[in-house]
Amino acid sequence: MKKGQEIEVFIEKTEFGGYGIGFLEDKKIFVKGTVPGQKVKARVSKKKKDYAEGKFIEIIEKAPSQIDAPCPHFGPCGGCSTQFIPYETQLNLKVSEVMELFKEGDVSTGNFLGIEGSPETFEYRNKMEFSFGDASKGGELELGMHKKGSPFSIVTVDSCMLVDEDFRKIFKVTLDHFRKAKLPYYRIRNHEGYLRHFIIRKGKNTGDLMVNLVTSSQIEFDLTPWTEKLKELNLEGELKSIIHTTNDSLSDAVVPEKVEVLYGDDYIMEEVLGLKFKISPFSFFQTNTKGAEKLYSLVKEFMGDMAKDKVVFDLYCGTGTIGQIVAGDARKVIGIELIEEAVVAANENAKLNNLNNCHFIAGDVAKIVNTIKDKPDIIILDPPRSGVHPKALEYVVDFNAKDIIYVSCNPKTLVNDLKYLEAHGYRVERTKLKDMFPNTPHVETVVKLVK
């Protein structure tokens with residue numbers, strides 16, 4: 001076996017992150033985007049002593065559970081990866097992958113409560129970020145997702161099934177308008193062009209819609225005709241906000257260097273479990289609203305009645321959604337979040353919901369947490385994919401809180417952090433998985449630890 005060689009592999013199991021695993025020539029072979037029961041052809045992209053990675057080429061034999069993916073864009077689109085297997089099978093794979101990580105890390109799940117699926121498996125997303133580009137050099141303007149395995153090619157996804165019809169109507173009008181305008185898309189390699197990204201957000205419970213066009217400043221272009229076309233659309237929801245963001249950063253990330261409101265407000269409203277939340281163009285908010293309601297209810301369930309008259313720390317709180325939802329059961333909630341805009345929104349939302357026992361602070365959790373005079377009875381951890389900062393984890397232990405609720409979108413870093421907490425006097429009481437991302441390999445894990 002050598003790099004560049006084409007191989008045939010039978011996939012026996014999966015590993016978290018969307019990797020299928022087979023065995024060939026006494027080596028473990030990883031092929032992303034495959035599932036057990038498939039025989040696939042792959043090209044060796046990396047070869048080590050004990051394992052190799054292969055880039056998927058084609059399916060030679062289908063898995064017994066395999067079905068036809070319903071989305072017309074599935075395959076070339078780099079978004080969804082598991083539409084071709086039934087949803088129950090997706091859930092079972094997620095359970096086995098997370099359980100394997102706990103087993104490998106020698107960490108207890110406590111009472112394992114299984115997995116809860118998403119209330120919606122399609123049209124569940126409340127936010128989509130699309131990119132402008134082309135499918136091939138010199139081709140017509142495309143708007144959509146990056147092509148699978150190709151960082152510089154874009155696949156137009158005007159019939160994407162992860163979003164509802166309002167998204168699709170707005171998408172089609174926008175692509176048609178800018179194709180006719182013959183505007184160049186921004187080329188990340190030579191830093192030239194105008195059209196960069198297109199973001200749509202929707203309050204799934206309120207119907208509020210926000211549209212955000214992201215461009216460079218290299219061309220002066222009148223966006224009024226496009227704005228008027230959007231306002232004329234017959235939508236199920238209500239278009240409340242049209243934003244133009246100027247971004248001249250060299251990276252492919254959306255950096256809001258200048259934000260102009262073309263129509264309406266600079267925010268939309270959403271309601272979750274009876275509370276109102278103001279969402280600005282760059283606020284973090286769970287992308288699956290109906291799933292988030294179930295996730296937050298699960299956090300409250302794990303807290304039980306123990307929160308009454310207790311101080312709760314909500315670390316990595318974002319816009320303070322979890323903290324505010326549990327505030328009715330607590331004496332005081334203190335949230336800490338690095339992104340200042342999110343904290344401003346969190347405090348505004350707390351006022352909006354008449355929650356005077358919530359206080360949100362901007363700063364690095366690892367630095368801020370040791371400056372707070374209050375001592376927590378319960379700590380909620382909801383960190384980014386990288387997990388809890390090691391220094392912050394030390395402070396979490398030093399607080400000596402009776403209970404910790406850990407919400408994780410990355411079970412790999414979760415297992416590492418749980419190992420540390422177990423070594424410093426905590427015991428995992430129970431664990432449950434909550435699927436927030438159907439048709440992808442991602443999953444949320446909720447763990448309750450007790451001192």
# chains A, B, ... in the order shown; residues from 1 in each chain; ligands from 1

call {"tool": "closest_atom_pairs", "arguments": {"of": "segment 218-323 of chain A", "to": "segment 330-346 of chain A", "cutoff": "12 Å", "atoms": "only C-alpha atoms", "output": "JSON lines"}}
result
{"residue": "A:Pro256", "atom": "CA", "partner": "A:Glu341", "partner_atom": "CA", "distance": 11.9}
{"residue": "A:Tyr267", "atom": "CA", "partner": "A:Ala345", "partner_atom": "CA", "distance": 10.4}
{"residue": "A:Ile268", "atom": "CA", "partner": "A:Ala345", "partner_atom": "CA", "distance": 11.9}
{"residue": "A:Met269", "atom": "CA", "partner": "A:Ala345", "partner_atom": "CA", "distance": 11.6}
{"residue": "A:Lys276", "atom": "CA", "partner": "A:Ala346", "partner_atom": "CA", "distance": 11.0}
{"residue": "A:Phe277", "atom": "CA", "partner": "A:Ala345", "partner_atom": "CA", "distance": 8.4}
{"residue": "A:Lys278", "atom": "CA", "partner": "A:Ala345", "partner_atom": "CA", "distance": 6.9}
{"residue": "A:Ile279", "atom": "CA", "partner": "A:Ala345", "partner_atom": "CA", "distance": 7.5}
{"residue": "A:Ser280", "atom": "CA", "partner": "A:Ala345", "partner_atom": "CA", "distance": 7.9}
{"residue": "A:Pro281", "atom": "CA", "partner": "A:Glu341", "partner_atom": "CA", "distance": 10.3}
{"residue": "A:Phe282", "atom": "CA", "partner": "A:Glu341", "partner_atom": "CA", "distance": 8.2}
{"residue": "A:Ser283", "atom": "CA", "partner": "A:Ala342", "partner_atom": "CA", "distance": 5.8}
{"residue": "A:Phe284", "atom": "CA", "partner": "A:Ala342", "partner_atom": "CA", "distance": 7.1}
{"residue": "A:Phe285", "atom": "CA", "partner": "A:Ala342", "partner_atom": "CA", "distance": 9.6}
{"residue": "A:Lys300", "atom": "CA", "partner": "A:Ala330", "partner_atom": "CA", "distance": 10.7}
{"residue": "A:Met303", "atom": "CA", "partner": "A:Ala330", "partner_atom": "CA", "distance": 10.2}
{"residue": "A:Gly304", "atom": "CA", "partner": "A:Ala330", "partner_atom": "CA", "distance": 11.0}
{"residue": "A:Asp305", "atom": "CA", "partner": "A:Ala330", "partner_atom": "CA", "distance": 9.5}
{"residue": "A:Met306", "atom": "CA", "partner": "A:Ala330", "partner_atom": "CA", "distance": 8.9}
{"residue": "A:Ala307", "atom": "CA", "partner": "A:Ala330", "partner_atom": "CA", "distance": 5.1}
{"residue": "A:Lys308", "atom": "CA", "partner": "A:Ala330", "partner_atom": "CA", "distance": 5.1}
{"residue": "A:Asp309", "atom": "CA", "partner": "A:Arg331", "partner_atom": "CA", "distance": 4.4}
{"residue": "A:Lys310", "atom": "CA", "partner": "A:Arg331", "partner_atom": "CA", "distance": 5.2}
{"residue": "A:Val311", "atom": "CA", "partner": "A:Lys332", "partner_atom": "CA", "distance": 4.8}
{"residue": "A:Val312", "atom": "CA", "partner": "A:Val333", "partner_atom": "CA", "distance": 4.8}
{"residue": "A:Phe313", "atom": "CA", "partner": "A:Ile334", "partner_atom": "CA", "distance": 4.9}
{"residue": "A:Asp314", "atom": "CA", "partner": "A:Gly335", "partner_atom": "CA", "distance": 4.5}
{"residue": "A:Leu315", "atom": "CA", "partner": "A:Ile336", "partner_atom": "CA", "distance": 5.1}
{"residue": "A:Tyr316", "atom": "CA", "partner": "A:Glu337", "partner_atom": "CA", "distance": 4.8}
{"residue": "A:Cys317", "atom": "CA", "partner": "A:Glu337", "partner_atom": "CA", "distance": 5.4}
{"residue": "A:Gly318", "atom": "CA", "partner": "A:Ala342", "partner_atom": "CA", "distance": 5.6}
{"residue": "A:Thr319", "atom": "CA", "partner": "A:Ala346", "partner_atom": "CA", "distance": 4.4}
{"residue": "A:Gly320", "atom": "CA", "partner": "A:Ala346", "partner_atom": "CA", "distance": 4.9}
{"residue": "A:Thr321", "atom": "CA", "partner": "A:Ala346", "partner_atom": "CA", "distance": 7.5}
{"residue": "A:Ile322", "atom": "CA", "partner": "A:Gly335", "partner_atom": "CA", "distance": 9.5}
{"residue": "A:Gly323", "atom": "CA", "partner": "A:Val333", "partner_atom": "CA", "distance": 6.3}

call {"tool": "residues_around", "arguments": {"residues": "Met436 of chain A", "least_positions_apart": "5", "cutoff": "12 Å", "atoms": "only C-alpha atoms", "output": "PyMOL selection string"}}
result
chain A and resi 91+94+115-122+124-126+286-296+408-409+441-445

call {"tool": "write_last_selection", "arguments": {"atoms": "C-alpha atoms", "output": "PDB file, in the first residue's frame"}}
result
ATOM      1  CA  LEU A  91     -28.992   7.664  15.916  1.00  0.00           C
ATOM      2  CA  LYS A  94     -24.029   8.186  17.121  1.00  0.00           C
ATOM      3  CA  ILE A 115     -30.283   9.210  22.709  1.00  0.00           C
ATOM      4  CA  GLU A 116     -33.205  11.524  21.995  1.00  0.00           C
ATOM      5  CA  GLY A 117     -33.776  12.307  18.332  1.00  0.00           C
ATOM      6  CA  SER A 118     -34.508  15.681  16.791  1.00  0.00           C
ATOM      7  CA  PRO A 119     -38.182  16.728  16.571  1.00  0.00           C
ATOM      8  CA  GLU A 120     -37.504  17.547  12.898  1.00  0.00           C
ATOM      9  CA  THR A 121     -35.087  15.683  10.631  1.00  0.00           C
ATOM     10  CA  PHE A 122     -35.469  18.066   7.668  1.00  0.00           C
ATOM     11  CA  TYR A 124     -34.849  22.142  11.023  1.00  0.00           C
ATOM     12  CA  ARG A 125     -32.146  24.759  10.602  1.00  0.00           C
ATOM     13  CA  ASN A 126     -32.848  28.363  11.621  1.00  0.00           C
ATOM     14  CA  GLN A 286     -28.564  26.982  18.429  1.00  0.00           C
ATOM     15  CA  THR A 287     -29.297  26.229  14.768  1.00  0.00           C
ATOM     16  CA  ASN A 288     -32.066  23.726  15.583  1.00  0.00           C
ATOM     17  CA  THR A 289     -34.706  25.659  17.544  1.00  0.00           C
ATOM     18  CA  LYS A 290     -37.079  22.764  18.222  1.00  0.00           C
ATOM     19  CA  GLY A 291     -34.125  20.591  19.199  1.00  0.00           C
ATOM     20  CA  ALA A 292     -32.767  23.348  21.456  1.00  0.00           C
ATOM     21  CA  GLU A 293     -36.049  23.422  23.379  1.00  0.00           C
ATOM     22  CA  LYS A 294     -35.613  19.708  24.064  1.00  0.00           C
ATOM     23  CA  LEU A 295     -31.923  20.161  24.932  1.00  0.00           C
ATOM     24  CA  TYR A 296     -32.582  22.953  27.433  1.00  0.00           C
ATOM     25  CA  SER A 408     -20.898  19.189  24.850  1.00  0.00           C
ATOM     26  CA  CYS A 409     -20.975  19.296  21.053  1.00  0.00           C
ATOM     27  CA  PRO A 441     -22.262  12.975  12.234  1.00  0.00           C
ATOM     28  CA  HIS A 442     -22.593  15.576  15.022  1.00  0.00           C
ATOM     29  CA  VAL A 443     -24.433  15.135  18.330  1.00  0.00           C
ATOM     30  CA  GLU A 444     -24.817  16.891  21.704  1.00  0.00           C
ATOM     31  CA  THR A 445     -23.990  15.057  24.930  1.00  0.00           C
TER      32      THR A 445
END

call {"tool": "closest_residue", "arguments": {"among": "A:Leu223, A:Val447, A:Cys71, A:Leu141", "to": "Lys180 of chain A", "atoms": "only C-alpha atoms"}}
result
A:Leu141

call {"tool": "atom_distance", "arguments": {"atom1": "atom CA of Ile59 of chain A", "atom2": "atom CA of Lys41 of chain A"}}
result
6.3 Å

call {"tool": "select_by_dssp", "arguments": {"residues": "segment 251-321 of chain A", "states": "strand (DSSP E or B)", "output": "ChimeraX atom specification"}}
result
/A:258-264,268-272,275-279,288,311-315

call {"tool": "closest_residue", "arguments": {"among": "A:Gln218, A:Thr109, A:Lys13, A:Val396", "to": "Leu433 of chain A", "atoms": "only C-alpha atoms"}}
result
A:Thr109

call {"tool": "residues_around", "arguments": {"residues": "His197 of chain A", "least_positions_apart": "4", "cutoff": "6 Å", "atoms": "only C-alpha atoms", "output": "VMD selection string"}}
result
chain A and resid 130 to 132 214

call {"tool": "residues_around", "arguments": {"residues": "Lys47 of chain A", "least_positions_apart": "5", "cutoff": "10 Å", "atoms": "only C-alpha atoms", "output": "list in words"}}
result
Met1, Lys2, Lys3, Gly4, Lys27, Ile29, Ala52, Glu53 and Gly54 of chain A

call {"tool": "select_by_dssp", "arguments": {"residues": "segment 213-412 of chain A", "states": "helix (DSSP H, G or I)", "output": "MDAnalysis selection string"}}
result
chainID A and resid 224:231 289:307 321:329 340:352 365:371 390:399 411:412

call {"tool": "residues_around", "arguments": {"residues": "Ser108 of chain A", "least_positions_apart": "5", "cutoff": "8 Å", "atoms": "only C-alpha atoms", "output": "list in words"}}
result
Phe102, Lys103 and Val428 of chain A

call {"tool": "residues_around", "arguments": {"residues": "Phe23 of chain A", "least_positions_apart": "6", "cutoff": "9 Å", "atoms": "only C-alpha atoms", "output": "list in words"}}
result
Val9, Phe10, Ile11, Glu12, Ile29, Phe30 and Tyr51 of chain A

call {"tool": "write_last_selection", "arguments": {"atoms": "C-alpha atoms", "output": "PDB file, in the first residue's frame"}}
result
ATOM      1  CA  VAL A   9     -12.198  -1.500   1.730  1.00  0.00           C
ATOM      2  CA  PHE A  10     -15.139  -3.106   3.545  1.00  0.00           C
ATOM      3  CA  ILE A  11     -16.382  -0.712   6.248  1.00  0.00           C
ATOM      4  CA  GLU A  12     -16.935  -2.503   9.572  1.00  0.00           C
ATOM      5  CA  ILE A  29      -8.240   2.317   7.183  1.00  0.00           C
ATOM      6  CA  PHE A  30     -10.243   5.517   7.748  1.00  0.00           C
ATOM      7  CA  TYR A  51      -3.214   3.064   9.888  1.00  0.00           C
TER       8      TYR A  51
END

call {"tool": "residues_around", "arguments": {"residues": "Thr174 of chain A", "least_positions_apart": "3", "cutoff": "10 Å", "atoms": "only C-alpha atoms", "output": "list in words"}}
result
Leu143, Arg168, Lys169, Ile170, Phe171, His177, Phe178, Arg179, Phe198, Leu213, Trp226, Thr227, Lys229 and Leu230 of chain A
